[in-house]
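Taking it in order: structure first as structure tokens, then the write-up.
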Amino acid sequence: MPKVAVHFIGFLVNVDDTILNLELGDGFQIIKQSQQEITKFLSRIKFHYGVDATTKGVLGFSADGTSGSYCIVKQNAAELESTAQGGVAISLDRLNCIGQSIRNKIRLLRLFKEGNVFLRFSFFYHMKDSEPATFQIVRECPLADTSRLVLRESDIVEAQLFLTNNKIPFVNPQVQLAFDGFELSYESYNCGLSFLSLMISLETLLNPSDHELRYRISRNTAVLLGENKKYSESIFSEVLALYDKRSKLVHTGKHEIINNQDVLNLRGYVRAVIKEMIKIGGDRGSILNTLNACGFGERPWKQCEKQ
């Protein structure tokens with residue numbers, strides 16, 4: 001049977017026009033389309049997984065549909081064997097590899113900067129009788145957090161470098177596990193559970209033993225991130241306070257102890273620690289030994305980076 005060209009389209013949420021400045025590479029493009037332009041695609045998502053994706057708001061449309069929806073597209077993403085019925089012989093491994101490659105780049109953007117950007121829906125399709133015929137539709141995690149990724153002009157170059165220089169899964173297994181917990185914090189409607197997943201991430205990265213968890217995690221965060229002694233002292237105090245909230249939450253079960261700002265603050269620290277440990281490289285044990293030997297504001301690995 002002849003080959004059929006297969007195309008990819010995914011719908012981003014929690015972004016604005018600044019996302020259009022990024023280049024994803026590998027043939028993927030970020031575009032903005034009006035509701036009218038993509039209705040024929042959205043109508044084919046309807047009824048899948050019990051979600052009507054044509055409803056305004058599900059994919060980020062404004063009430064009047066004029067603001068458009070942000071899409072990631074790749075034409076001729078693959079060529080698959082056609083079937084006698086006019087369809088395609090689906091190669092799940094191959095298509096999953098293509099889809100995961102772009103989802104991983106979007107995951108990196110959440111690590112680069114605050115904002116719950118992700119592909120709400122994505123699918124592959126081929127053209128049949130001049131109309132798109134869709135298959136392998138994927139619905140992503142719940143839209144629990146609606147914080148937007150907004151890139152300033154100064155962020156664009158850094159974001160491009162971050163996408164180029166990093167790859168999921170991360171080589172360091174503790175960093176990968178911490179990143180998984182970091183991502184979970186976006187998926188819960190409960191602030192307390194989001195907070196706990198982030199604290200577990202911080203413990204995974206910076207806890208050298210079963211003793212003095214509160215002190216060790218707070219100090220290691222302060223040494224790792226503090227650009228000077230005063231800044232380190234401030235970080236130390238803030239992480240101590242966040243850890244106290246963690247203990248109170250675990251011991252009382254009262255979720256109202258944690259608010260959205262607590263989650264944002266802790267997520268910011270986890271994000272910064274992950275990024276810093278990726279830059280330093282090496283195994284977690286070596287990094288923790290270095291942190292233990294350093295005082296607030298020293299950061300000797302930064303001097304090595306400048307040389």
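Letters for chains follow the order of the structure tokens (A, B, ...), residue numbers begin at 1 for each chain, and ligand numbers begin at 1 in the order shown.
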So which bits of segment 166-264 of chain A end up alpha helix (DSSP H) when you DSSP the backbone, as JSON, numbers by chain? {"A": [173, 174, 175, 176, 177, 178, 179, 180, 181, 182, 183, 184, 191, 192, 193, 194, 195, 196, 197, 198, 199, 200, 201, 202, 203, 204, 205, 206, 213, 214, 215, 216, 217, 218, 219, 220, 221, 222, 223, 224, 225, 229, 230, 231, 232, 233, 234, 235, 236, 237, 238, 239, 240, 241, 242, 243, 244, 245, 246, 247, 248, 249, 250, 251, 252, 260, 261, 262, 263, 264]}
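For segment 77-90 of chain A, the set of protein, DNA and RNA residues having any atom at most 8 Å away, when counting only C-alpha atoms and skipping those fewer than 2 positions along the same chain, is Met1, Pro2, Lys3, Val4, Ala5, Val6, His7, Phe8, Gly27, Lys74, Gln75, Leu92, Leu95, Ile98 and Lys128 of chain A.
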Which polymer residues have any atom within 10 Å of an atom of Asp244 of chain A, counting only C-alpha atoms, with same-chain residues fewer than 6 positions away left out, as a PyMOL selection string? chain A and resi 214+238+250
Please compute the atom CA of Ser237 of chain A-atom CA of Gln176 of chain A distance, one decimal, in Å.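 Distance between the two atoms: 26.7 Å.
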Please measure the separation of atom CA of Asn14 of chain A and atom CA of Glu276 of chain A, giving the value in Å to one decimal.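 Spanning atom CA of Asn14 of chain A to atom CA of Glu276 of chain A is a straight-line distance of 25.3 Å.
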Using only C-alpha atoms, which residue out of A:Thr134, A:Ser101, A:Asn260, A:Asn190 lies closest to Ser43 of chain A?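 Closest to Ser43 of chain A, using only C-alpha atoms: A:Thr134.
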Step one, run DSSP on the backbone; step two, keep only residues of segment 8-220 of chain A assigned to strand (DSSP E or B); then write them as a ChimeraX atom specification. /A:8-13,15,25,28-33,69-82,88,118-128,131-139,149
